[in-house]
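Asks: Structure below; questions to follow.
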Amino acid sequence: MSEQSAAKESRLLRGVHKTVTGLNPVLESLLAGVVGLLIGALLMYIWGFDPWKAYMSLFKGAFGDSYGWASSIARGTPLVLTALTFSICLRAGMFNIGAEGQMMIGAIAAITIALFVLPAGLHMIVGLVIAATAGAIWSIVPAILKIMRGVSEVISTIMFNWIGRFLVIWLGVHILVDPTRAEKTLSIPKATRFPVIMKGTDLTASVFLAVGVALIIYFVLWHTTVGYEVRAAGLNPTAARYGGIRNKRTMILAFLLGGATAGLAGAALVMGLPPSYAIFSSGMPNLTNMGFDGMAVAMVGRNHPIGILLAALFFGGLNAGGRMMQLGSNAVPLEMVRVVMGAIVLAMSIPELIRLFPAIKKSVENIVGRIRDRRERRAVKEVSE
Amino acid sequence: MTSEKPNTSPVESKGGYFLRGEKMGKIYSDGTVALKEASIEIHTHEIIGLLGENGAGKTTFTKILSGLLPPTSGRVLSPKGPVRFSSPREALDFGIGMVHQHFALVGTFTAAENVALSHERPFTRIQLAKAEARLEELMEESGLHVPLDVPIEKLAVGEQQRVEILKVLSRDVDLLILDEPTSVLTPLEVDELFTLLKRLKGEGKSIILITHKLKEVQSVTDRVVVLRHGELVGDVPTETATTEQLAQLMVGQAIDKDAGAVELSDQELPLKRERSVVNRDADSVLHVEGLTIRSNVGDIAVEDLSFDVYGGEIFGIAGVEGNGQSELVESLTGLRVPMRGQATINGTNILGLSPREIYKLGVAHIPEDRWELGLVLPFTLAENAILGVHQWKEFKGPLSFLRWGKINTHVRALMDRFEIRAAGPSSPAKSLSGGNQQKLIVGRELAKDPAIIVASQPTRGLDIGAAKYIRDLLEEMRDNGRAILLVSADLDEVLARADRIAIMYEGRFMAVCDPDELDREQIGLLMGGVEREEARV
Amino acid sequence: MNWLFLLSYSLHAMVPLTLTAVGEIVTETSGLFNIGLEGILLISAFAGALGAEASGNAIVGLLTGMAVGAAFGLLFAVINTYWKGTQMVTGIGINLFAVGFVAFGLILLGSPGFHDVPTSAELTSIRSGMGGISPMIFVALVIPFLIHWFLRRTRVGLILKATGEMPEAADVSGINVNMVRILAAIFGASLAGLGGAYMSVAWLGSVTKDLSAGRGFIALACVVFSGLNPLLALLGGFIFAFFQGLAETLKTMPNKIIPWQFVSMLPYIVTLLVVSGAIGRVRFPKELGVPYKRE
């Protein structure tokens with residue numbers, strides 16, 4: 001082979017290699033998604049469903065027509081925000097599992113704007129601010145506990161989830177209850193609701209809120225010193241401290257930001273989810289699990305705001321399509337969607353999923369090699385004796 | 001160069017051979033030559049001292065000998081069987097035991113529990129009483145005493161080491177390797193250890209003592225093996241070797257003991273260069289007085305140290321690692337608080353301040369461990385370049401927005417100035433070579449326009465080109481009037497570049513002088529702990 | 001105030017908490033932190049109920065739960081030792097998966113969100129003055145003592161502690177650190193599985209979508225409280241269960257002064273207080289949550 005073509009070939013190979021490794025995180029998420037779907041398919045098959053038909057109706061329901069798209073985006077909107085909660089804190093090196101509780105507190109805080117009246121635009125902004133603040137307050141205690149007493153933020157945020165849930169139920173039943181219908185809270189006044197942007201769907205302008213917040217977080221993390229310090233503290237606290245970053249202050253900031261985002265998620269849910277624009281106090285079906293699903297979205301979105309937007313769309317689609325999937329002859333309960341989500345997250349917890357296959361090969365080779373070694377040694381020993 | 005011993009029990013050595021390494025060599029996959037064709041025979045009833053500086057290859061050497069690391073060339077033989085093991089435990093079963101510098105002990109366990117861990121068959125109830133009884137026996141035999149029911153972490157370091165030794169002894173080893181055992185012992189404990197070693201030798205065991213301390217070697221070994229830059233340069237009976245010869249072997253000149261000739265390799269040629277003339281009448285930039293620092297394990301790492309560093313000079317601290325250098329640097333850069341003493345920069349105290357405050361006083365730091373302290377590896381080149389200076393007005397706009405435009409310009413200028421080879425400011429830092437990473441750190445620190453630069457092992461792990469570049473850079477900074485504190489285990493580097501040197505040993509300066517004042521042998525002696533008077537300096 | 005009811009409820013509620021906590025103690029001693037216990041509890045409850053029903057035998061149900069728990073423990077451990085995964089993410093994944101799976105399964109069984117275990121398949125309780133007492137309570141009382149003895153007095157206990165505290169020392173002694181951790185996780189998760197199956201088969205008699213109700217996390221808090229001492233985990237389990245019982249008791253009482261929502265918050269608030277207060281004096285294995293790499 002001539003020198004030139006050899007050089008060219010290696011350049012091509014290098015280019016391919018670079019692309020593949022550069023895309024690696026994206027590939028991993030895609031691979032995890034595929035694995036999750038496969039596991040779901042397996043379970044469906046075992047239970048006698050037709051996985052192919054089920055997934056077809058799922059994807060048709062989610063992305064088949066504009067109604068589907070609208071549904072998917074609507075369902076993905078709150079997920080964007082709760083995912084950001086988890087991701088911001090993860091970037092700071094901590095696990096904030098409390099999006100669920102912070103979101104609910106934010107939701108009920110938003111409901112309080114039904115108690116007073118302000119000019120329309122201002123009213124909505126005040127509602128959002130109240131919700132964000134409430135969410136931030138709800139996340140500050142776990143942060144302080146962690147910093148002052150070293151309490152695992154995992155446990156404390158989860159406890160706050162439960163405490164928050166009950167608190168919200170109580171507020172919804174006793175304080176902010178709708179006098180005409182006791183099973184729900186007051187509704188958000190018409191003037192402060194997010195307008196529906198596609199008739200006949202439940203897609204409201206809250207999506208702009210979610211996208212806007214995601215973009216803001218992106219800018220904060222990568223284009224401000226505040227975000228820079230958060231990321232540095234999360235990646236290498238020692239070097240960060242060395243660079244003059246006060247890690248404790250950064251941690252608190254991250255938690256506050258995360259809590260605020262979750263609070264906004266709650267606001268988006270009540271101010272942007274027709275038809276009731278309220279919380280149903282028993283069970284809170286609209287709110288439940290938004291926090292946990294958000295974590296799944298965050299992980300699949302690689303904790304990056306842009307990735308989160310895409311992942312939220314995907315998970316929103318799963319939810320929306322799931323409703324379609326449970327209709328018709330091959331009716332698969334939409335809970336299967338959550339099974340798939342869990343499987344995807346499990347797959348995501350294995351780093352370098354792509355390398356897993358060679359890794360398995362290597363472990364097998366390892367074991368075989370060791371057995372061979374031992375046999376060799378035994379043979380040598382016998383000979384020398 | 002190496003001693004030739006016949007295969008059968010010779011008259012000179014007191015026993016047969018236990019282990020023989022023939023032309024052992026080790027080249028790592030990245031091309032580093034760790035060991036070059038070293039041959040050695042280890043006899044029973046023998047204590048061998050293994051001398052060498054950092055990076056000489058002592059660890060590689062012993063690992064290959066003890067069967068834990070396969071050599072890339074040569075082999076290791078023993079009449080007892082093949083010497084190839086996949087875990088330290090197998091080596092122990094064979095009869096080779098190593099006592100490391102960092103003990104493999106579980107802190108929350110007692111001594112008895114630690115011994116029991118390495119001993120019994122799995123899944124049986126530990127009879128702690130039995131383990132304790134056996135330990136008591138051992139303690140009587142060996143003369144090593146430790147309280148048996150106290151968690152290890154509460155014991156003094158010397159006692160911990162005894163547990164480690166007992167652990168190995170309880171496996172009835174034939175070859176005992178000790179890696180720098182006396183670095184954590186008091187003189188009394190050292191004596192006790194050596195008494196034990198001599199007793200073990202009498203019982204027929206072979207012992208390898210890895211150390212850089214010349215006096216120890218003289219006092220307890222039968223034979224001294226010296227490694228330098230991966231080569232075995234000396235294997236002589238202790239009684240025939242003087243400390244001067246050993247020092248020479250360790251640091252510079254190879255001796256053929258038969259011929260008595262002295263050979264100099266190229267790199268050892270003393271460099272005649274212009275030393276800077278420093279105005280000592282002006283105040284020093286860094287003033288240290290009576291600094292005493294405690295180490296992590298509780299003993300004294302630095303003892304009553306005093307020195308000054310002036311603007312326009314490179315003050316080099318030479319010495320084998322582990323003699324207090326890290327603790328000293330940490331105290332001067334805000335990572336550690338000393339017990340006593342003073343340190344000021346241009347008159348302002350720096351002890352106990354945070355890294356940020358110290359940087360504001362004009363101190364730049366090139367850290368020893370660039371991955372842990374110097375860089376955030378997942379960050380890009382640019383993001384790393386502004387670590388510590390990200391709050392500067394030029395980089396930070398309103399609402400704390402980062403001005404990436406200005407930052408990238410600055411970074412590109414850095415890349416130009418310091419010849420940092422990378423695709424661009426957005427390359428991830430971990431894709432840079434070690435040399436380029438270090439240049440990035442240096443560039444970043446110098447951009448702070450510091451009064452003094454504390455450079456700790458700045459060229460460690462770098463290729464020759466990058467290392468030279470960094471050293472030239474430091475000289476340039478010096479010529480610009482800055483003060484440079486250079487701490488390096490690379491003696492050549494310190495001798496070649498520093499204007500004044502200090503030799504650090506066990507937390508003290510054995511000497512502070514011009515590099516030309518001492519010859520290599522004397523330096524070797526000082527590094528090995530021989531006092532100035534004895535070294536006839 | 002119906003004290004007997006309170007006591008009975010507390011003892012019963014103690015079982016899943018204590019069993020899970022003791023199991024996690026073993027796991028954490030070896031250096032792994034399994035946050036997926038919540039999901040394991042839930043899915044084992046489900047599996048246990050199915051197993052009991054299918055075989056008509058409650059014991060089989062309990063064993064099924066243990067087996068399912070063990071399987072998830074294995075999955076968790078392999079991902080986080082040999083495959084160098086992230087323990088937190090795996091745990092969260094298990095939780096999500098379990099919630100979905102159980103909800104899904106419940107629907108398939110006919111009644112969404114809820115399924116009764118036929119009485120024939122339930123573990124028969126012992127009659128006593130307090131009403132039925134499940135024999136599992138005695139199991140939950142005994143196991144902490146067994147594990148406590150095991151950890152302190154056997155060599156396996158030593159090995160476990162070594163792998164969590166200083167895996168290098170264990171490695172040097174020829175112990176396969178990853179294998180030990182895998183076995184510890186399997187054991188811990190199977191105890192959690194037993195606790196889960198107990199809830200459906202031997203105590204509540206039904207499986208609901210949110211059966212675990214945070215118990216997995218309360219058990220984690222219990223582990224913190226116990227400082228990895230199984231006997232303290234027993235105590236802690238009882239304390240937390242007591243507050244759960246208090247909440248239940250107050251709910252049944254015609255008491256309009258304290259709204260039931262606040263009463264329901266009690267166990268979680270208490271957990272929080274205990275965890276915040278306990279941290280000072282507790283010492284965890286040095287290498288907890290850190291994957292082991294041989295240099």
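Residues are referred to by chain and number: the chain letter is A, B, ... according to the order shown in the structure tokens, the number counts from 1 in that chain, and ligands are numbered separately from 1 in the order shown.
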Set the distance at 9 Å and use only C-alpha atoms: which residues neighbour Lys58 in chain B once local chain neighbours fewer than 3 positions away are removed? I'd like the list as number ranges by chain.

Replies: B: 35, 50-55, 61-63, 210, 226-228, 230

Asks: Restricting it to C-alpha atoms, dump the selection as an mmCIF file, in the first residue's frame.

Replies:
data_model
loop_
_atom_site.group_PDB
_atom_site.id
_atom_site.type_symbol
_atom_site.label_atom_id
_atom_site.label_comp_id
_atom_site.auth_asym_id
_atom_site.auth_seq_id
_atom_site.Cartn_x
_atom_site.Cartn_y
_atom_site.Cartn_z
ATOM 1 C CA LEU B 35 14.154 -2.313 34.801
ATOM 2 C CA LEU B 50 18.272 -2.458 48.296
ATOM 3 C CA LEU B 51 19.300 1.133 47.708
ATOM 4 C CA GLY B 52 18.061 3.619 45.204
ATOM 5 C CA GLU B 53 16.365 6.933 44.678
ATOM 6 C CA ASN B 54 12.762 7.437 43.705
ATOM 7 C CA GLY B 55 12.098 5.961 40.332
ATOM 8 C CA PHE B 61 12.570 -5.111 40.999
ATOM 9 C CA THR B 62 11.032 -6.573 44.121
ATOM 10 C CA LYS B 63 7.703 -7.215 42.489
ATOM 11 C CA ILE B 210 14.455 -1.479 50.707
ATOM 12 C CA VAL B 226 22.065 -0.488 44.299
ATOM 13 C CA LEU B 227 19.636 0.448 41.569
ATOM 14 C CA ARG B 228 19.761 3.593 39.530
ATOM 15 C CA GLY B 230 16.351 0.961 36.309
#

Asks: If you count only C-alpha atoms, which residues fall within 8 Å of range 27-39 of chain C, apart from same-chain ones fewer than 2 positions away, as a ChimeraX atom specification?

Replies: /C:20,23-25,41-43,76-77,87-88,90-99,160-165,180-181,184-185,187-189,192,212,214-217,220,228,284-285,287-290

Asks: Considering only C-alpha atoms, tabulate each residue of chain B that lies at most 6 Å from chain A along with its nearest interatomic pair and the corresponding distance in Å to one decimal; arrange the rows by chain and ascending residue number and present them as a tab-separated table.

Replies:
residue	atom	partner	partner_atom	distance
B:Pro355	CA	A:Tyr242	CA	5.6
B:Arg356	CA	A:Gly244	CA	4.5
B:Leu373	CA	A:Ala239	CA	4.4
B:Gly374	CA	A:Ala239	CA	5.8
B:Val376	CA	A:Asn236	CA	5.8
B:Leu387	CA	A:Gly243	CA	5.4
B:Gly388	CA	A:Gly243	CA	3.8
B:Ser400	CA	A:Thr224	CA	5.2
B:Phe401	CA	A:Thr224	CA	4.1
B:Leu402	CA	A:Thr224	CA	4.8

Asks: Just give me the gap between CA of Glu506 in chain B and CA of Gly234 in chain B in Å, one decimal is fine.

Replies: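 If I compute the distance from CA of Glu506 in chain B to CA of Gly234 in chain B, I get 25.5 Å.
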
Asks: Just checking: using only C-alpha atoms, which residue out of B:Arg508, B:Arg336, B:Lys468, B:Arg89 ends up closest to Gly352 in chain B?

Replies: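 Looking at the shortest contact to Gly352 in chain B, the residue is B:Arg336.
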
Asks: Could you tell me which of B:Thr409, B:Thr108, B:Gln101, B:Ser29 comes closest to chain C if we count only C-alpha atoms?

Replies: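 Result for the nearest residue to chain C: B:Thr108.
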
Asks: Please produce, as a tab-separated table, a per-residue contact table for chain A versus chain C (criterion: any atom at most 6 Å away, only C-alpha atoms considered), showing the nearest atom pair and its distance in Å to one decimal, sorted by chain then residue number.

Replies:
residue	atom	partner	partner_atom	distance
A:Val151	CA	C:Ser276	CA	6.0
A:Met159	CA	C:Tyr268	CA	5.4
A:Ile163	CA	C:Met265	CA	5.2
A:Phe166	CA	C:Gln261	CA	5.2
A:Trp170	CA	C:Gln261	CA	5.9
A:Glu335	CA	C:Phe104	CA	4.8
A:Met336	CA	C:Phe104	CA	5.8
A:Arg338	CA	C:Gly100	CA	4.4
A:Val339	CA	C:Gly100	CA	4.4
A:Gly342	CA	C:Phe97	CA	3.8
A:Ala343	CA	C:Phe97	CA	5.9
A:Val345	CA	C:Gly93	CA	4.8
A:Leu346	CA	C:Gly93	CA	4.6
A:Ser349	CA	C:Thr90	CA	5.2
A:Ile350	CA	C:Gly85	CA	4.7
A:Pro351	CA	C:Gly85	CA	5.7
